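Participant: Enclosed is the structure file input_28.txt (compact mmCIF, C-alpha atoms).
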# COMPACT_ATOMS: atom_id res chain seq x y z
CA MET T 1 125.07 129.38 137.27
CA LYS T 2 122.74 132.26 136.46
CA GLY T 3 119.66 130.19 137.39
CA SER T 4 120.92 129.34 140.86
CA ASP T 5 122.01 132.96 141.44
CA THR T 6 118.49 134.15 140.65
CA ARG T 7 117.07 131.46 142.87
CA ASP T 8 119.32 132.54 145.78
CA ARG T 9 118.32 136.15 145.26
CA LEU T 10 114.63 135.18 145.27
CA LEU T 11 114.99 133.16 148.46
CA ARG T 12 116.89 135.94 150.18
CA ALA T 13 114.26 138.53 149.23
CA GLY T 14 111.51 136.09 150.18
CA LEU T 15 113.06 135.42 153.59
CA ASP T 16 113.22 139.13 154.27
CA LEU T 17 109.53 139.54 153.34
CA MET T 18 108.63 136.50 155.43
CA SER T 19 110.45 137.89 158.46
CA VAL T 20 108.22 140.95 158.28
CA SER T 21 104.87 139.61 157.06
CA GLY T 22 104.91 135.89 157.77
CA LEU T 23 104.34 133.11 155.28
CA SER T 24 100.80 134.15 154.45
CA GLY T 25 102.02 137.72 153.90
CA ILE T 26 104.16 136.65 150.96
CA THR T 27 102.40 136.73 147.65
CA LEU T 28 104.07 135.68 144.44
CA GLY T 29 103.19 139.12 143.08
CA GLN T 30 105.06 140.87 145.92
CA LEU T 31 108.08 138.65 145.54
CA ALA T 32 108.07 139.21 141.79
CA ALA T 33 107.95 142.97 142.40
CA ALA T 34 110.75 142.83 144.98
CA THR T 35 113.05 140.96 142.63
CA GLY T 36 112.04 142.34 139.24
CA LEU T 37 110.91 138.96 137.95
CA SER T 38 107.63 138.03 136.36
CA LYS T 39 105.23 135.71 138.18
CA SER T 40 105.83 133.08 135.51
CA GLY T 41 109.57 133.56 136.07
CA LEU T 42 108.97 132.75 139.73
CA PHE T 43 107.05 129.62 138.84
CA ALA T 44 110.04 128.43 136.83
CA HIS T 45 111.95 128.34 140.15
CA PHE T 46 109.20 127.18 142.50
CA GLN T 47 106.41 124.96 141.30
CA SER T 48 103.90 126.15 143.88
CA LYS T 49 103.39 128.55 146.79
CA GLU T 50 103.88 125.56 149.15
CA HIS T 51 107.17 124.69 147.50
CA LEU T 52 108.34 128.28 147.82
CA GLU T 53 107.35 128.35 151.50
CA ILE T 54 109.27 125.15 152.23
CA GLU T 55 112.32 126.57 150.48
CA LEU T 56 111.98 129.75 152.53
CA LEU T 57 111.88 127.74 155.76
CA ASN T 58 115.04 125.94 154.59
CA THR T 59 116.71 129.26 153.81
CA SER T 60 115.81 130.47 157.29
CA ALA T 61 117.31 127.33 158.85
CA ALA T 62 120.47 127.61 156.76
CA THR T 63 120.86 131.27 157.75
CA ALA T 64 120.38 130.39 161.42
CA ASP T 65 122.96 127.61 161.10
CA HIS T 66 125.46 130.21 159.99
CA VAL T 67 124.53 133.05 162.37
CA VAL T 68 123.51 131.02 165.44
CA VAL T 69 124.85 127.46 165.43
CA GLU T 70 128.37 128.09 164.14
CA PRO T 71 129.31 130.70 166.77
CA ILE T 72 127.67 128.63 169.53
CA MET T 73 129.87 125.66 168.60
CA LEU T 74 132.97 127.82 169.02
CA ALA T 75 132.26 128.17 172.76
CA PRO T 76 133.75 125.61 175.17
CA ARG T 77 131.54 122.53 175.71
CA GLY T 78 129.02 122.37 178.53
CA LEU T 79 127.62 125.34 180.35
CA PRO T 80 129.66 127.96 178.41
CA ARG T 81 128.16 126.64 175.18
CA LEU T 82 124.65 126.81 176.65
CA GLN T 83 125.36 130.39 177.71
CA ALA T 84 126.46 131.09 174.14
CA VAL T 85 122.95 130.10 173.00
CA MET T 86 121.69 133.22 174.76
CA ASP T 87 124.31 135.36 173.00
CA HIS T 88 123.65 134.08 169.51
CA TRP T 89 120.06 132.80 169.32
CA LEU T 90 118.14 135.75 170.75
CA GLY T 91 117.75 138.49 168.18
CA TRP T 92 119.55 136.46 165.47
CA SER T 93 117.31 137.65 162.63
CA HIS T 94 118.56 141.21 163.13
CA ARG T 95 122.18 140.06 163.02
CA ALA T 96 121.36 138.08 159.87
CA GLY T 97 120.32 141.34 158.25
CA LEU T 98 116.61 140.50 158.08
CA SER T 99 114.10 143.33 158.33
CA GLY T 100 111.74 141.40 160.63
CA GLY T 101 111.79 138.80 163.39
CA CYS T 102 112.60 135.09 163.48
CA PRO T 103 110.61 133.60 160.59
CA VAL T 104 110.30 130.15 162.18
CA ALA T 105 108.90 131.45 165.50
CA ALA T 106 106.25 133.35 163.58
CA ALA T 107 105.56 130.32 161.37
CA MET T 108 104.86 128.14 164.43
CA PHE T 109 102.04 130.46 165.47
CA GLU T 110 100.87 130.88 161.90
CA LEU T 111 100.79 127.20 161.04
CA ASP T 112 99.74 125.69 164.35
CA ASP T 113 96.17 125.04 163.23
CA VAL T 114 96.82 124.60 159.52
CA GLU T 115 97.50 121.10 158.19
CA GLY T 116 99.76 120.36 155.25
CA GLU T 117 103.31 119.82 154.10
CA VAL T 118 104.50 123.33 155.00
CA ARG T 119 103.47 122.79 158.62
CA ALA T 120 105.09 119.33 158.63
CA HIS T 121 108.30 120.82 157.26
CA ALA T 122 108.36 123.64 159.83
CA ALA T 123 107.81 121.05 162.57
CA LYS T 124 110.72 118.96 161.27
CA LEU T 125 113.06 121.97 161.31
CA GLU T 126 111.95 123.01 164.77
CA PHE T 127 112.36 119.45 166.10
CA ARG T 128 115.89 119.44 164.70
CA TRP T 129 116.60 122.73 166.42
CA ARG T 130 115.26 121.53 169.76
CA ALA T 131 117.24 118.30 169.43
CA PHE T 132 120.36 120.45 168.99
CA LEU T 133 119.52 122.43 172.15
CA GLY T 134 118.80 119.15 173.97
CA GLU T 135 122.24 117.86 173.01
CA LEU T 136 123.87 120.96 174.51
CA VAL T 137 121.96 120.38 177.77
CA ARG T 138 122.92 116.69 177.80
CA ASP T 139 126.53 117.62 177.19
CA ALA T 140 126.50 120.10 180.10
CA ARG T 141 124.95 117.39 182.26
CA SER T 142 127.44 114.70 181.28
CA LEU T 143 130.31 117.12 181.98
CA GLY T 144 128.86 117.66 185.46
CA HIS T 145 128.03 121.34 184.86
CA LEU T 146 124.36 120.51 185.42
CA THR T 147 123.06 117.95 187.93
CA LYS T 148 122.28 114.37 186.92
CA GLU T 149 118.62 115.12 187.64
CA THR T 150 118.48 117.74 184.89
CA ASP T 151 115.64 116.95 182.48
CA PRO T 152 116.89 118.14 179.06
CA ASP T 153 113.38 118.27 177.60
CA GLN T 154 112.12 120.49 180.43
CA PHE T 155 115.21 122.69 180.15
CA VAL T 156 114.72 123.13 176.40
CA TRP T 157 110.98 123.71 176.86
CA GLU T 158 111.66 126.57 179.26
CA LEU T 159 114.51 127.92 177.15
CA CYS T 160 112.10 128.13 174.21
CA GLY T 161 109.71 130.05 176.47
CA ILE T 162 112.47 132.56 177.20
CA TYR T 163 113.16 132.86 173.48
CA LEU T 164 109.49 133.42 172.62
CA SER T 165 108.95 135.91 175.42
CA HIS T 166 112.07 137.76 174.27
CA HIS T 167 110.78 137.77 170.69
CA VAL T 168 107.50 139.34 171.79
CA SER T 169 109.00 141.87 174.18
CA ASN T 170 111.78 142.79 171.79
CA ARG T 171 109.83 142.97 168.54
CA PHE T 172 106.20 143.52 169.49
CA TYR T 173 106.71 145.76 172.56
CA ARG T 174 110.12 147.07 171.53
CA ASP T 175 110.99 146.83 175.21
CA ARG T 176 114.57 147.90 175.96
CA GLU T 177 114.58 145.56 178.95
CA ALA T 178 113.99 142.47 176.80
CA GLN T 179 117.60 141.34 176.88
CA THR T 180 117.95 141.85 180.65
CA ARG T 181 114.69 140.02 181.35
CA ALA T 182 115.79 137.10 179.20
CA ARG T 183 119.17 136.90 180.92
CA THR T 184 117.61 136.97 184.38
CA ALA T 185 115.23 134.16 183.38
CA PHE T 186 118.07 132.12 181.86
CA ALA T 187 120.30 132.57 184.94
CA ALA T 188 117.45 131.31 187.13
CA LEU T 189 116.88 128.32 184.85
CA VAL T 190 120.56 127.37 184.96
CA SER T 191 120.83 127.88 188.72
CA ARG T 192 117.98 125.39 189.29
CA TYR T 193 120.04 122.69 187.64
CA GLU T 194 123.58 123.80 188.35
CA SER T 195 125.76 121.16 189.98
CA SER T 196 127.88 123.38 192.16
CA PRO T 197 127.65 127.04 193.14
CA PRO T 198 129.52 129.21 190.65
CA GLU T 199 132.22 130.46 193.09
CA PRO T 200 134.58 127.45 193.23
CA GLU T 201 136.06 126.20 189.97
CA PRO T 202 135.85 122.37 190.03
CA PRO T 203 133.07 121.36 187.68
CA VAL T 204 133.18 117.67 188.72
CA LYS T 205 130.55 116.45 191.19
CA ALA T 206 131.69 114.85 194.44
CA MET E 1 68.19 144.33 167.39
CA LYS E 2 68.61 142.32 164.20
CA GLY E 3 71.62 144.37 163.13
CA SER E 4 73.52 143.80 166.35
CA ASP E 5 72.68 140.06 166.27
CA THR E 6 74.17 139.81 162.80
CA ARG E 7 77.19 141.77 163.94
CA ASP E 8 77.71 139.41 166.91
CA ARG E 9 77.40 136.41 164.64
CA LEU E 10 79.94 137.91 162.23
CA LEU E 11 82.41 138.62 165.02
CA ARG E 12 82.01 135.15 166.49
CA ALA E 13 82.58 133.49 163.10
CA GLY E 14 85.47 135.87 162.43
CA LEU E 15 87.12 135.09 165.77
CA ASP E 16 86.93 131.39 165.01
CA LEU E 17 88.54 131.92 161.60
CA MET E 18 91.16 134.19 163.17
CA SER E 19 92.02 131.55 165.79
CA VAL E 20 92.84 129.13 162.97
CA SER E 21 94.34 131.32 160.25
CA GLY E 22 95.45 134.53 161.95
CA LEU E 23 94.43 138.05 161.03
CA SER E 24 95.93 137.92 157.58
CA GLY E 25 94.16 134.61 156.94
CA ILE E 26 90.76 136.28 157.22
CA THR E 27 89.43 137.62 153.97
CA LEU E 28 86.13 139.40 153.73
CA GLY E 29 85.16 136.81 151.12
CA GLN E 30 85.75 133.94 153.55
CA LEU E 31 83.87 135.64 156.33
CA ALA E 32 80.99 136.40 153.97
CA ALA E 33 80.92 132.73 152.94
CA ALA E 34 81.04 131.53 156.57
CA THR E 35 78.09 133.70 157.55
CA GLY E 36 76.01 133.73 154.38
CA LEU E 37 76.35 137.48 153.96
CA SER E 38 77.45 139.41 150.92
CA LYS E 39 80.72 141.33 150.99
CA SER E 40 78.79 144.57 150.78
CA GLY E 41 76.68 143.35 153.71
CA LEU E 42 79.92 142.94 155.66
CA PHE E 43 81.03 146.46 154.80
CA ALA E 44 77.78 147.76 156.27
CA HIS E 45 79.00 146.41 159.62
CA PHE E 46 82.73 147.13 159.35
CA GLN E 47 84.01 150.02 157.33
CA SER E 48 87.35 148.44 156.54
CA LYS E 49 89.46 145.32 157.01
CA GLU E 50 91.36 147.21 159.75
CA HIS E 51 88.16 148.06 161.56
CA LEU E 52 87.04 144.42 161.39
CA GLU E 53 90.42 143.27 162.73
CA ILE E 54 90.21 145.67 165.67
CA GLU E 55 86.71 144.46 166.46
CA LEU E 56 87.93 140.86 166.29
CA LEU E 57 90.73 141.65 168.77
CA ASN E 58 88.11 143.20 171.06
CA THR E 59 85.91 140.13 170.71
CA SER E 60 88.88 137.96 171.62
CA ALA E 61 89.56 140.09 174.72
CA ALA E 62 85.90 140.03 175.78
CA THR E 63 85.81 136.25 175.37
CA ALA E 64 88.98 135.89 177.43
CA ASP E 65 87.52 138.15 180.12
CA HIS E 66 84.66 135.71 180.45
CA VAL E 67 86.57 132.42 180.15
CA VAL E 68 89.83 133.42 181.86
CA VAL E 69 89.56 136.51 184.07
CA GLU E 70 86.20 135.80 185.74
CA PRO E 71 87.11 132.33 187.05
CA ILE E 72 90.57 133.57 188.12
CA MET E 73 88.93 136.28 190.23
CA LEU E 74 86.88 133.64 192.06
CA ALA E 75 90.07 132.14 193.54
CA PRO E 76 91.30 133.47 196.91
CA ARG E 77 93.63 136.47 196.62
CA GLY E 78 97.40 136.07 196.44
CA LEU E 79 99.19 132.92 195.41
CA PRO E 80 96.00 130.84 194.93
CA ARG E 81 94.79 133.40 192.42
CA LEU E 82 98.13 133.32 190.60
CA GLN E 83 97.89 129.52 190.50
CA ALA E 84 94.41 129.93 189.03
CA VAL E 85 96.00 131.80 186.10
CA MET E 86 97.61 128.51 185.11
CA ASP E 87 94.26 126.70 185.31
CA HIS E 88 92.30 129.19 183.25
CA TRP E 89 94.69 131.00 180.92
CA LEU E 90 96.54 128.11 179.29
CA GLY E 91 94.40 126.49 176.60
CA TRP E 92 91.56 129.01 177.07
CA SER E 93 90.70 129.25 173.36
CA HIS E 94 89.70 125.58 173.36
CA ARG E 95 87.44 126.09 176.39
CA ALA E 96 85.97 129.13 174.65
CA GLY E 97 84.89 126.83 171.83
CA LEU E 98 87.32 128.28 169.27
CA SER E 99 88.67 125.96 166.57
CA GLY E 100 92.22 127.34 166.80
CA GLY E 101 94.67 128.80 169.30
CA CYS E 102 94.81 132.08 171.22
CA PRO E 103 94.20 134.77 168.60
CA VAL E 104 96.15 137.46 170.46
CA ALA E 105 99.30 135.37 170.89
CA ALA E 106 99.28 134.69 167.16
CA ALA E 107 98.58 138.36 166.41
CA MET E 108 101.67 139.45 168.39
CA PHE E 109 103.89 137.39 166.10
CA GLU E 110 101.93 138.40 163.03
CA LEU E 111 101.94 142.13 163.74
CA ASP E 112 105.34 142.55 165.36
CA ASP E 113 106.91 144.12 162.31
CA VAL E 114 103.81 145.69 160.80
CA GLU E 115 102.95 149.27 161.74
CA GLY E 116 99.42 150.58 161.99
CA GLU E 117 96.35 150.91 164.14
CA VAL E 118 95.68 147.17 164.34
CA ARG E 119 99.11 146.61 165.83
CA ALA E 120 98.62 149.53 168.23
CA HIS E 121 95.30 148.11 169.34
CA ALA E 122 96.70 144.61 169.87
CA ALA E 123 99.51 146.16 171.94
CA LYS E 124 96.99 148.07 174.06
CA LEU E 125 95.03 144.90 174.80
CA GLU E 126 98.14 142.94 175.61
CA PHE E 127 99.43 145.72 177.90
CA ARG E 128 96.11 145.64 179.72
CA TRP E 129 96.38 141.88 180.12
CA ARG E 130 99.94 142.09 181.44
CA ALA E 131 98.92 144.86 183.83
CA PHE E 132 96.24 142.52 185.17
CA LEU E 133 98.80 139.75 185.68
CA GLY E 134 101.15 142.27 187.31
CA GLU E 135 98.42 143.24 189.77
CA LEU E 136 97.98 139.60 190.77
CA VAL E 137 101.73 139.33 191.43
CA ARG E 138 101.73 142.59 193.43
CA ASP E 139 98.79 141.34 195.44
CA ALA E 140 100.56 138.06 196.24
CA ARG E 141 103.63 140.08 197.25
CA SER E 142 101.69 142.50 199.47
CA LEU E 143 99.98 139.55 201.17
CA GLY E 144 103.41 138.12 201.91
CA HIS E 145 102.92 135.05 199.70
CA LEU E 146 105.83 136.20 197.58
CA THR E 147 108.97 137.91 198.92
CA LYS E 148 109.31 141.70 198.99
CA GLU E 149 112.10 141.36 196.42
CA THR E 150 109.71 139.91 193.83
CA ASP E 151 109.89 141.92 190.59
CA PRO E 152 106.34 141.78 189.17
CA ASP E 153 107.53 142.72 185.67
CA GLN E 154 110.08 139.91 185.61
CA PHE E 155 107.51 137.47 186.99
CA VAL E 156 104.97 138.42 184.31
CA TRP E 157 107.65 138.33 181.60
CA GLU E 158 108.53 134.75 182.51
CA LEU E 159 104.88 133.76 182.95
CA CYS E 160 104.23 134.96 179.40
CA GLY E 161 107.16 132.80 178.27
CA ILE E 162 105.51 129.79 179.89
CA TYR E 163 102.23 130.66 178.16
CA LEU E 164 103.89 131.02 174.75
CA SER E 165 105.93 127.84 175.10
CA HIS E 166 102.75 126.03 176.14
CA HIS E 167 100.91 127.45 173.11
CA VAL E 168 103.62 126.15 170.76
CA SER E 169 104.02 122.74 172.41
CA ASN E 170 100.27 122.25 172.77
CA ARG E 171 99.11 123.51 169.37
CA PHE E 172 102.09 123.25 167.05
CA TYR E 173 103.69 120.07 168.42
CA ARG E 174 100.50 118.64 169.91
CA ASP E 175 102.69 117.46 172.77
CA ARG E 176 100.76 115.66 175.50
CA GLU E 177 103.35 116.79 178.02
CA ALA E 178 102.63 120.50 177.40
CA GLN E 179 100.52 120.92 180.52
CA THR E 180 103.01 119.11 182.78
CA ARG E 181 105.95 121.08 181.38
CA ALA E 182 104.11 124.35 181.96
CA ARG E 183 103.22 123.42 185.53
CA THR E 184 106.80 122.41 186.32
CA ALA E 185 108.05 125.74 184.96
CA PHE E 186 105.42 127.69 186.88
CA ALA E 187 106.17 125.87 190.16
CA ALA E 188 109.86 126.75 189.72
CA LEU E 189 109.02 130.38 189.00
CA VAL E 190 106.86 130.63 192.13
CA SER E 191 109.40 128.84 194.32
CA ARG E 192 112.08 131.42 193.37
CA TYR E 193 109.95 134.15 194.89
CA GLU E 194 107.98 132.30 197.56
CA SER E 195 108.16 133.85 201.01
CA SER E 196 108.00 130.71 203.10
CA PRO E 197 108.80 127.27 201.79
CA PRO E 198 105.95 124.76 201.81
CA GLU E 199 106.64 122.81 205.04
CA PRO E 200 107.57 119.37 203.67
CA GLU E 201 110.49 120.17 201.33
CA PRO E 202 112.16 123.57 201.42
CA PRO E 203 113.21 124.45 197.87
CA VAL E 204 115.18 127.54 198.94
CA LYS E 205 118.71 127.78 197.63
CA ALA E 206 121.65 128.62 199.88
Could you rewrite the structure in this file as structure tokens?
Facilitator:
Amino acid sequence: MKGSDTRDRLLRAGLDLMSVSGLSGITLGQLAAATGLSKSGLFAHFQSKEHLEIELLNTSAATADHVVVEPIMLAPRGLPRLQAVMDHWLGWSHRAGLSGGCPVAAAMFELDDVEGEVRAHAAKLEFRWRAFLGELVRDARSLGHLTKETDPDQFVWELCGIYLSHHVSNRFYRDREAQTRARTAFAALVSRYESSPPEPEPPVKA
Amino acid sequence: MKGSDTRDRLLRAGLDLMSVSGLSGITLGQLAAATGLSKSGLFAHFQSKEHLEIELLNTSAATADHVVVEPIMLAPRGLPRLQAVMDHWLGWSHRAGLSGGCPVAAAMFELDDVEGEVRAHAAKLEFRWRAFLGELVRDARSLGHLTKETDPDQFVWELCGIYLSHHVSNRFYRDREAQTRARTAFAALVSRYESSPPEPEPPVKA
């Protein structure tokens, strides 16, 4: 399994580079240097730069599944699980040991005006992620933790805004308040849709 | 003034490229091709790639001053002026005739983990922009349109989240609902801090 070990090592090194410099910041020469392989050795694993980029996006998604999704799913269903999104999604790239920020967030800004299969693949992964978040909102709504009027798409849209603003304030501004700001924004978002005030326990609507 | 005309044309073409491909997507070769100049001709105008990038960020800011800030300042002070931010900020790069999205938003994700003077300059411009937004919030608060408890930094932080989520949904997803989603989020943000409820339907929580 030497070949697949090398491939894993390449993808891991590539993901780290991508988290710092973005997709366009990764050259095959850099990746070869970072892993001690020749450029032709790299081409044996990835047929093209596009193919490498798609594999890097997949590696990012697989890493996030492990570092973000798995711990979220350990929280109790409904609102507690939505709260767990805040604990595990924000700043995940640091906890995954990456040198830079969330590679997919950066890719969305990098690829927004660039057509092609890499963009299409990034969009597919991000749609999948938002569908996952939407399911958590729907679950909280069906359990009565959020009102029936809750619009899951609007909730997810605003949650993504909190994530992106946190990314910028945390990584670009290096603002120590980033986490507090994000939590305040999230609490306000939840309280707009919350079925019952937090004090009493019964989560079921009258 | 031939030299300064050429320089303006270079910066305009460069800003358009930057809006599509980001800072790292601009090569001197591309810019030379887009403007019919030689690479050495480009170097006569900009001493380095970094210098060109800083000038492009300045061009972006000057364009936004014209397309975003000037019309905002025509709106009546206070809440109407804050509302005008939504009308003129979101989607401004399209109204400025650029082929791609907001170059500074993309630069924040591109430069977040990259040290250097380009990053420092982008941060300076973005701080200036956020200070401007903060002033509008303070003004709305001092006029009594927003409550005394309004935290301008939190307001601006969340407003930037709305802007970023709109950028992604508008440009990356090409979602027709982007504008409506952004307006719903903004209305909720304002209503959290609004001094007096709009007569017909008080949105104030108990």
Participant: Which neighbours of T:Gly41 fall inside 12 Å, counting all atoms listed in the file, when residues of the same chain fewer than 4 positions from it are skipped, and could you give them as a PyMOL selection string?
Facilitator: chain T and resi 3+6-7+10+28-29+31-33+35-37+45-47
Participant: Quick one: which chain T residues come within 8 Å of chain E, and what is the nearest atom pair for each with the distance in Å to one decimal, counting all atoms listed in the file, rows ordered by chain and ascending number, as a tab-separated table?
Facilitator:
residue	atom	partner	partner_atom	distance
T:Val20	CA	E:Asp113	CA	5.3
T:Ser21	CA	E:Glu110	CA	6.8
T:Gly22	CA	E:Glu110	CA	6.5
T:Ser24	CA	E:Ser24	CA	6.9
T:Gly25	CA	E:Ser24	CA	7.1
T:Gly100	CA	E:Asp113	CA	5.8
T:Gly101	CA	E:Asp113	CA	7.3
T:Ala105	CA	E:Phe109	CA	7.8
T:Ala106	CA	E:Phe109	CA	5.3
T:Met108	CA	E:Phe172	CA	6.2
T:Phe109	CA	E:Ala106	CA	5.3
T:Glu110	CA	E:Gly22	CA	6.5
T:Leu111	CA	E:Phe172	CA	7.3
T:Asp112	CA	E:Phe172	CA	4.3
T:Asp113	CA	E:Val20	CA	5.3
T:Val114	CA	E:Val20	CA	6.9
T:Ala123	CA	E:Tyr173	CA	7.2
T:Gln154	CA	E:Arg181	CA	6.3
T:Trp157	CA	E:Ser165	CA	6.8
T:Glu158	CA	E:Ala185	CA	6.8
T:Cys160	CA	E:Ser165	CA	6.2
T:Gly161	CA	E:Gly161	CA	4.2
T:Ile162	CA	E:Gly161	CA	5.4
T:Tyr163	CA	E:Gly161	CA	7.7
T:Leu164	CA	E:Gly161	CA	6.1
T:Ser165	CA	E:Gly161	CA	4.6
T:Val168	CA	E:Met108	CA	6.7
T:Arg171	CA	E:Asp112	CA	5.5
T:Phe172	CA	E:Asp112	CA	4.3
T:Tyr173	CA	E:Ala123	CA	7.2
T:Arg181	CA	E:Gln154	CA	6.3
T:Ala185	CA	E:Glu158	CA	6.8
Participant: When you draw a straight line from atom CA of T:Ala13 to atom CA of T:Val118, how long is it in Å?
Facilitator: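 Interatomic distance, atom CA of T:Ala13 to atom CA of T:Val118: 19.0 Å.
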Participant: Would you mind listing what lies within 9 Å of E:Gly78 as a PyMOL selection string, with only C-alpha atoms counted and same-chain residues fewer than 2 positions away left out?
Facilitator: chain E and resi 75-76+80-83+136-146
Participant: Record the distance separating atom CA of E:Lys49 and atom CA of E:Val104, expressed in Å with one decimal.
Facilitator: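 Separation of atom CA of E:Lys49 and atom CA of E:Val104: 17.0 Å.
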Participant: Please provide the set of residues having any atom within 7 Å of stretch 65-68 of chain E, restricted to all atoms listed in the file, with same-chain residues fewer than 3 positions apart removed, written as a ChimeraX atom specification.
Facilitator: /E:61-62,71-72,88-89,92,96
Participant: Rounded to one decimal in Å, what is the spacing between atom CA of E:Arg183 and atom CA of E:Met86?
Facilitator: 7.6 Å
Participant: Given the block above, output stretch 31-37 of chain E with all heavy atoms as a compact mmCIF listing (two decimals), in the first residue's frame.
Facilitator:
# COMPACT_ATOMS: atom_id res chain seq x y z
N LEU E 31 -1.74 40.93 -17.42
CA LEU E 31 -2.10 42.34 -17.42
C LEU E 31 -1.48 43.03 -18.64
O LEU E 31 -2.11 43.90 -19.26
CB LEU E 31 -1.64 42.99 -16.11
CG LEU E 31 -2.12 44.41 -15.86
CD1 LEU E 31 -3.63 44.52 -15.98
CD2 LEU E 31 -1.68 44.89 -14.48
N ALA E 32 -0.26 42.63 -18.97
CA ALA E 32 0.38 43.18 -20.17
C ALA E 32 -0.46 42.83 -21.40
O ALA E 32 -0.76 43.70 -22.23
CB ALA E 32 1.80 42.62 -20.30
N ALA E 33 -0.90 41.56 -21.47
CA ALA E 33 -1.70 41.13 -22.62
C ALA E 33 -3.02 41.90 -22.69
O ALA E 33 -3.45 42.32 -23.77
CB ALA E 33 -1.95 39.63 -22.54
N ALA E 34 -3.65 42.10 -21.53
CA ALA E 34 -4.97 42.77 -21.49
C ALA E 34 -4.87 44.25 -21.88
O ALA E 34 -5.87 44.85 -22.25
CB ALA E 34 -5.61 42.61 -20.11
N THR E 35 -3.68 44.82 -21.76
CA THR E 35 -3.57 46.26 -22.01
C THR E 35 -2.66 46.58 -23.20
O THR E 35 -2.49 47.76 -23.54
CB THR E 35 -3.01 46.98 -20.76
OG1 THR E 35 -1.79 46.33 -20.37
CG2 THR E 35 -4.00 46.93 -19.62
N GLY E 36 -2.07 45.55 -23.79
CA GLY E 36 -1.22 45.77 -24.95
C GLY E 36 0.14 46.36 -24.61
O GLY E 36 0.84 46.87 -25.50
N LEU E 37 0.50 46.29 -23.32
CA LEU E 37 1.83 46.79 -22.93
C LEU E 37 2.81 45.63 -22.80
O LEU E 37 2.41 44.48 -22.66
CB LEU E 37 1.76 47.52 -21.59
CG LEU E 37 1.74 49.04 -21.67
CD1 LEU E 37 0.34 49.53 -21.95
CD2 LEU E 37 2.31 49.66 -20.42
